[in-house]
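K.L.:
My structure file query23.cif, mmCIF, C-alpha atoms and all ligand atoms, is below:
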data_protein
#
loop_
_atom_site.label_atom_id
_atom_site.label_comp_id
_atom_site.auth_asym_id
_atom_site.auth_seq_id
_atom_site.Cartn_x
_atom_site.Cartn_y
_atom_site.Cartn_z
CA MET E 14 -19.96 -5.05 -14.55
CA GLY E 15 -16.84 -6.61 -12.91
CA ILE E 16 -16.21 -10.35 -12.83
CA LYS E 17 -17.25 -12.06 -9.59
CA GLY E 18 -14.77 -11.38 -6.78
CA THR E 19 -13.13 -8.32 -8.36
CA PRO E 20 -14.16 -4.65 -8.28
CA ALA E 21 -15.84 -3.07 -11.34
CA ALA E 22 -13.08 -1.41 -13.36
CA THR E 23 -12.55 2.37 -13.29
CA LYS E 24 -9.58 4.24 -14.78
CA HIS E 25 -7.53 6.77 -12.85
CA ASP E 26 -4.33 8.58 -13.71
CA GLY E 27 -1.60 7.85 -11.16
CA SER E 28 1.10 10.00 -12.73
CA ASN E 29 0.98 12.57 -9.88
CA LEU E 30 0.98 9.98 -7.12
CA ARG E 31 3.60 8.62 -4.74
CA ILE E 32 2.70 5.16 -3.47
CA GLY E 33 4.29 3.18 -0.62
CA ILE E 34 4.16 -0.60 -0.47
CA VAL E 35 4.92 -2.44 2.77
CA HIS E 36 5.04 -6.22 2.54
CA ALA E 37 5.58 -9.07 4.96
CA ARG E 38 8.15 -11.80 4.23
CA TRP E 39 6.17 -14.80 5.50
CA ASN E 40 4.96 -17.01 2.58
CA ASP E 41 7.44 -15.21 0.39
CA ALA E 42 6.72 -16.83 -3.01
CA ILE E 43 3.07 -15.73 -2.75
CA ILE E 44 4.09 -12.29 -1.50
CA GLN E 45 6.48 -11.82 -4.44
CA ALA E 46 3.72 -12.63 -6.97
CA LEU E 47 1.34 -10.17 -5.30
CA LEU E 48 4.05 -7.51 -5.12
CA GLU E 49 4.89 -7.94 -8.80
CA GLY E 50 1.19 -7.72 -9.75
CA ALA E 51 0.78 -4.55 -7.70
CA ILE E 52 3.89 -2.84 -9.09
CA ASP E 53 3.01 -3.71 -12.71
CA GLN E 54 -0.49 -2.28 -12.27
CA LEU E 55 0.80 0.90 -10.57
CA LYS E 56 3.08 1.49 -13.55
CA GLN E 57 0.24 0.80 -15.99
CA SER E 58 -1.77 3.46 -14.14
CA GLY E 59 1.02 5.98 -14.73
CA VAL E 60 2.83 5.89 -11.36
CA SER E 61 6.54 6.31 -12.08
CA GLN E 62 9.17 3.88 -10.78
CA GLU E 63 10.76 6.54 -8.51
CA ASN E 64 7.37 7.20 -6.88
CA ILE E 65 6.91 3.58 -5.85
CA VAL E 66 8.68 2.92 -2.53
CA VAL E 67 8.85 -0.68 -1.30
CA GLN E 68 9.65 -1.67 2.28
CA SER E 69 9.60 -5.17 3.80
CA VAL E 70 8.84 -6.29 7.36
CA PRO E 71 9.14 -9.76 8.95
CA GLY E 72 5.44 -10.67 9.19
CA SER E 73 1.94 -9.32 8.74
CA PHE E 74 1.69 -8.32 12.40
CA GLU E 75 4.34 -5.65 11.71
CA LEU E 76 2.41 -4.08 8.79
CA PRO E 77 0.36 -1.43 10.68
CA PHE E 78 3.40 -0.11 12.56
CA ALA E 79 5.50 0.07 9.39
CA CYS E 80 2.73 1.80 7.40
CA SER E 81 2.27 4.33 10.17
CA LYS E 82 6.02 5.07 10.37
CA MET E 83 6.42 5.27 6.59
CA ILE E 84 3.58 7.77 6.27
CA ALA E 85 4.85 9.86 9.20
CA ALA E 86 8.42 9.91 7.81
CA SER E 87 7.20 11.07 4.39
CA GLN E 88 5.19 13.87 6.01
CA VAL E 89 8.16 14.98 8.14
CA GLN E 90 10.37 15.13 5.02
CA THR E 91 7.86 17.40 3.31
CA ASN E 92 7.49 19.62 6.41
CA THR E 93 11.26 19.77 6.93
CA THR E 94 11.69 21.24 3.47
CA THR E 95 9.18 23.96 4.30
CA THR E 96 10.79 24.63 7.68
CA ALA E 97 14.26 24.84 6.18
CA THR E 98 13.03 27.35 3.59
CA ASP E 99 11.23 29.21 6.34
CA LEU E 100 14.40 29.48 8.42
CA LEU E 101 16.55 30.48 5.45
CA GLY E 102 14.53 33.26 3.97
CA SER E 103 12.16 36.13 4.34
CA SER E 104 8.48 35.94 3.47
CA THR E 105 9.41 37.17 -0.05
CA ASN E 106 11.59 34.10 -0.53
CA LEU E 107 8.75 31.89 0.64
CA LEU E 108 6.44 33.47 -1.93
CA ASP E 109 9.06 32.92 -4.62
CA VAL E 110 9.34 29.26 -3.67
CA SER E 111 5.61 28.63 -3.80
CA SER E 112 5.14 30.43 -7.11
CA SER E 113 7.92 28.41 -8.76
CA ALA E 114 6.58 25.07 -7.48
CA ASP E 115 4.93 22.85 -10.08
CA PRO E 116 1.37 22.28 -8.84
CA ASN E 117 1.22 19.03 -10.79
CA ALA E 118 4.45 17.61 -9.36
CA PRO E 119 3.96 14.50 -7.21
CA SER E 120 4.16 15.27 -3.48
CA LYS E 121 6.83 13.64 -1.31
CA THR E 122 4.12 12.54 1.08
CA PHE E 123 2.62 9.18 0.19
CA ASP E 124 -0.78 9.50 -1.45
CA ALA E 125 -1.62 5.91 -0.55
CA VAL E 126 0.10 2.91 1.01
CA ILE E 127 -0.52 -0.74 0.15
CA ALA E 128 0.03 -3.26 2.96
CA ILE E 129 0.69 -6.75 1.60
CA GLY E 130 0.71 -9.89 3.74
CA VAL E 131 -0.29 -13.53 3.47
CA LEU E 132 -1.75 -15.18 6.56
CA ILE E 133 -2.44 -18.90 6.30
CA LYS E 134 -4.47 -20.64 8.98
CA GLY E 135 -2.49 -23.09 11.07
CA SER E 136 -3.48 -25.39 13.90
CA THR E 137 -3.41 -22.75 16.65
CA MET E 138 -5.27 -19.46 17.26
CA HIS E 139 -2.32 -17.39 15.89
CA PHE E 140 -4.09 -16.79 12.56
CA GLU E 141 -7.23 -15.38 14.18
CA TYR E 142 -5.33 -13.04 16.52
CA ILE E 143 -2.95 -11.73 13.85
CA SER E 144 -5.70 -11.30 11.20
CA ASP E 145 -7.87 -9.36 13.63
CA ALA E 146 -5.03 -7.15 14.93
CA VAL E 147 -3.70 -6.36 11.44
CA THR E 148 -7.14 -5.55 10.01
CA HIS E 149 -7.96 -3.15 12.84
CA GLY E 150 -4.40 -1.76 12.90
CA LEU E 151 -4.44 -0.88 9.20
CA MET E 152 -7.88 0.72 9.45
CA LYS E 153 -6.65 2.82 12.39
CA VAL E 154 -3.55 3.96 10.47
CA GLN E 155 -5.56 5.27 7.53
CA LEU E 156 -8.13 7.02 9.72
CA ASP E 157 -5.46 8.53 12.02
CA THR E 158 -3.18 9.73 9.21
CA GLY E 159 -5.76 10.63 6.55
CA ILE E 160 -3.71 8.65 4.01
CA PRO E 161 -5.50 5.69 2.37
CA VAL E 162 -4.07 2.31 3.40
CA ILE E 163 -5.03 -0.50 1.05
CA PHE E 164 -5.78 -3.84 2.71
CA GLY E 165 -3.60 -6.23 0.77
CA VAL E 166 -3.62 -9.00 3.33
CA LEU E 167 -4.78 -12.45 2.25
CA THR E 168 -6.36 -14.41 5.10
CA ALA E 169 -6.48 -17.88 3.60
CA LEU E 170 -7.62 -21.13 5.15
CA THR E 171 -5.17 -23.12 3.00
CA GLU E 172 -2.01 -22.42 1.01
CA GLU E 173 -3.88 -23.36 -2.17
CA GLN E 174 -6.40 -20.55 -1.56
CA ALA E 175 -3.56 -18.06 -1.17
CA LEU E 176 -1.82 -19.30 -4.34
CA GLU E 177 -5.08 -18.84 -6.29
CA ARG E 178 -5.45 -15.27 -5.02
CA ALA E 179 -1.92 -14.51 -6.13
CA GLY E 180 -2.58 -15.96 -9.60
CA ILE E 181 0.01 -18.75 -9.19
CA ALA E 182 -2.13 -21.81 -8.39
CA SER E 183 -1.06 -25.12 -9.88
CA GLY E 184 -3.19 -26.62 -12.65
CA GLU E 185 -5.05 -25.03 -15.51
CA ASN E 186 -6.74 -22.22 -13.59
CA LYS E 187 -3.97 -20.16 -12.02
CA GLY E 188 -6.46 -17.86 -10.25
CA HIS E 189 -6.36 -14.08 -10.14
CA ASN E 190 -3.59 -11.85 -8.81
CA HIS E 191 -5.19 -9.59 -6.21
CA GLY E 192 -2.09 -7.39 -6.10
CA VAL E 193 -3.40 -5.88 -9.36
CA ASP E 194 -6.69 -4.89 -7.69
CA TRP E 195 -4.89 -3.45 -4.66
CA ALA E 196 -2.79 -1.24 -6.93
CA SER E 197 -5.90 0.01 -8.74
CA ALA E 198 -7.54 0.73 -5.37
CA ALA E 199 -4.42 2.64 -4.25
CA VAL E 200 -4.45 4.83 -7.38
CA GLU E 201 -8.19 5.48 -7.16
CA MET E 202 -8.02 6.33 -3.44
CA GLY E 203 -4.85 8.41 -3.86
CA VAL E 204 -6.47 10.49 -6.63
CA SER E 205 -9.75 10.78 -4.70
CA ALA E 206 -8.08 11.71 -1.39
CA LYS E 207 -6.16 14.51 -3.16
CA SER E 208 -9.41 15.92 -4.55
CA TRP E 209 -11.21 15.64 -1.19
CA SER E 210 -8.54 17.52 0.78
C1 LIG X 1 4.02 -16.05 13.70
C2 LIG X 1 3.38 -16.00 12.37
C3 LIG X 1 2.58 -17.07 11.91
C4 LIG X 1 2.33 -18.29 12.74
N1 LIG X 1 2.04 -17.08 10.69
C5 LIG X 1 2.22 -16.00 9.89
C6 LIG X 1 1.64 -15.96 8.59
O1 LIG X 1 0.99 -16.89 8.11
N2 LIG X 1 1.83 -14.83 7.85
C7 LIG X 1 2.54 -13.75 8.33
O2 LIG X 1 2.64 -12.74 7.61
N3 LIG X 1 3.11 -13.78 9.53
C8 LIG X 1 3.00 -14.87 10.32
N4 LIG X 1 3.58 -14.91 11.55
C9 LIG X 1 4.51 -13.81 11.95
C10 LIG X 1 3.82 -12.63 12.60
O3 LIG X 1 3.09 -11.86 11.64
C11 LIG X 1 4.88 -11.69 13.26
O4 LIG X 1 5.88 -11.39 12.31
C12 LIG X 1 5.55 -12.32 14.47
O5 LIG X 1 4.58 -12.77 15.40
C13 LIG X 1 6.49 -11.30 15.16
O6 LIG X 1 5.74 -10.17 15.65
#
Translate this structure into structure tokens?

P.N.:
Amino acid sequence: MGIKGTPAATKHDGSNLRIGIVHARWNDAIIQALLEGAIDQLKQSGVSQENIVVQSVPGSFELPFACSKMIAASQVQTNTTTTATDLLGSSTNLLDVSSSADPNAPSKTFDAVIAIGVLIKGSTMHFEYISDAVTHGLMKVQLDTGIPVIFGVLTALTEEQALERAGIASGENKGHNHGVDWASAAVEMGVSAKSWS
């Protein structure tokens, strides 16, 4: 059984995965802690450094667009390779290429993307509008692309709440770094999505 507020632990091998991380730059100290937690956990799950691609955007509102573009660009790169081979050679060459490919090699397409942002409620309605738009936007990206997008957006009522969820609260109890859980979710969903397709 998991501790309250965290998922029950499962172990998955991320060594064949390529994971994208897109993070906002608002509330940067909290973002950096979450990013570090996520990257450490990805590596612990076997994802290699070169298969972790990090991209930043100004704020959380930009996360869905950036995730969508990142996924599309990675898919175009993969397709371009195929097209180039296609144009260069005969069908025999194409067969040669596929038979020499390592079936266990990580794909160039992202297997999962983690969107990291920290939204802290202010005195206007900005927080509500951005939280709602980002949540729906990220859900749409994963359903439209078929690539899992992990919801790494903290929607905190106070800065202290956000610090706790990044594991950097002041005082004795530093809280728990949710970036770690997001990385585990990315590996589990990346492995699962591969087996479901
Ligand atoms: C404008 C704004 C505000 C008020 N607060 C936050 C926040 O707490 N966290 C965050 O990630 N971004 C915030 N932003 C910026 C918006 O997400 C976005 O970058 C701008 O509105 C430009 O589209």

K.L.:
Quick one: of E:Gly180, E:Gly188, E:Gly72, E:Gly203, who's nearest to ligand LIG 1 (chain X), counting all atoms listed in the file?

P.N.:
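The shortest atom-to-atom distance to ligand LIG 1 (chain X) comes from E:Gly72.
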
K.L.:
With only C-alpha atoms and all ligand atoms counted and 6 Å as the cut-off, give the residues of chain E in contact with ligand LIG 1 (chain X), each with its shortest interatomic distance in Å and the pair that gives it, as a Markdown table.

P.N.:
| residue | atom | partner | partner_atom | distance |
| --- | --- | --- | --- | --- |
| E:Ala37 | CA | X:LIG1 | O2 | 5.4 |
| E:Trp39 | CA | X:LIG1 | O2 | 4.6 |
| E:Pro71 | CA | X:LIG1 | O4 | 5.0 |
| E:Gly72 | CA | X:LIG1 | O4 | 3.2 |
| E:Ser73 | CA | X:LIG1 | O2 | 3.7 |
| E:Phe74 | CA | X:LIG1 | O3 | 3.9 |
| E:Glu75 | CA | X:LIG1 | O4 | 6.0 |
| E:Gly130 | CA | X:LIG1 | O2 | 5.2 |
| E:Val131 | CA | X:LIG1 | N2 | 5.0 |
| E:Leu132 | CA | X:LIG1 | O1 | 3.6 |
| E:Ile133 | CA | X:LIG1 | O1 | 4.4 |
| E:His139 | CA | X:LIG1 | C4 | 5.7 |

K.L.:
Would you compute the distance between CA of Val193 (chain E) and CA of Glu177 (chain E)? Give it in Å to one decimal.

P.N.:
13.4 Å

K.L.:
Could you check which of E:Glu141, E:Asp124, E:Glu49, E:Glu172 is closest to Ser205 (chain E), using all atoms listed in the file?

P.N.:
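Of E:Glu141, E:Asp124, E:Glu49, E:Glu172, the one nearest Ser205 (chain E) is E:Asp124, counting all atoms listed in the file.
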
K.L.:
Have a look at CA of Ser210 (chain E) and CA of Ile160 (chain E) and let me know their distance in Å, one decimal.

P.N.:
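Pair CA of Ser210 (chain E) / CA of Ile160 (chain E) returns 10.6 Å.
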
K.L.:
Padding of 8 Å on every side, edges along x, y and z, all listed atoms of region 55-74 of chain E included: what centre and edge lengths in Å, to one decimal, does that box have, as AutoDock Vina command-line options?

P.N.:
--center_x 4.5 --center_y -1.7 --center_z -1.8 --size_x 28.5 --size_y 33.9 --size_z 44.4

K.L.:
From the options E:Asp145, E:Asp157, E:Asp41, E:Asp194, which residue's atoms come nearest to Ser58 (chain E), counting only C-alpha atoms?

P.N.:
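Checking each of E:Asp145, E:Asp157, E:Asp41, E:Asp194 against Ser58 (chain E), counting only C-alpha atoms, the winner is E:Asp194.
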
K.L.:
I need the residue nearest Thr168 (chain E) from this list: E:Ser183, E:Ser69, E:Ser144, E:Ser197. Use all atoms listed in the file for the distance.

P.N.:
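When distances to Thr168 (chain E) are compared using all atoms listed in the file, the smallest one comes from E:Ser144.
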
K.L.:
Using all atoms listed in the file, which residue out of E:Cys80, E:Ala206, E:Ile127, E:Ile181 lies closest to Gly165 (chain E)?

P.N.:
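Smallest separation from Gly165 (chain E) among the options: E:Ile127.
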
K.L.:
Would you mind reading off the distance between CA of Gly27 (chain E) and CA of Asn40 (chain E), one decimal, in Å?

P.N.:
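Interatomic distance, CA of Gly27 (chain E) to CA of Asn40 (chain E): 29.2 Å.
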
K.L.:
When distances are computed from all atoms listed in the file, which of E:Leu170, E:Ile34, E:Ala51, E:Ala46 shows the smallest separation from Ser136 (chain E)?

P.N.:
E:Leu170

K.L.:
Can you pull out the residues contacting Phe123 (chain E)? Cut-off 7 Å, using only C-alpha atoms, and skip same-chain residues under 3 positions away; I want them as a list of chain:residue names.

P.N.:
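My reading of the contact set: E:Arg31, E:Ile32, E:Gly33, E:Ile84, E:Ser87, E:Val126.
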
K.L.:
Store the residues picked out above in a file with C-alpha atoms, as an mmCIF file, in the frame of the given file.

P.N.:
data_model
loop_
_atom_site.group_PDB
_atom_site.id
_atom_site.type_symbol
_atom_site.label_atom_id
_atom_site.label_comp_id
_atom_site.auth_asym_id
_atom_site.auth_seq_id
_atom_site.Cartn_x
_atom_site.Cartn_y
_atom_site.Cartn_z
ATOM 1 C CA ARG E 31 3.600 8.620 -4.740
ATOM 2 C CA ILE E 32 2.700 5.160 -3.470
ATOM 3 C CA GLY E 33 4.290 3.180 -0.620
ATOM 4 C CA ILE E 84 3.580 7.770 6.270
ATOM 5 C CA SER E 87 7.200 11.070 4.390
ATOM 6 C CA VAL E 126 0.100 2.910 1.010
#
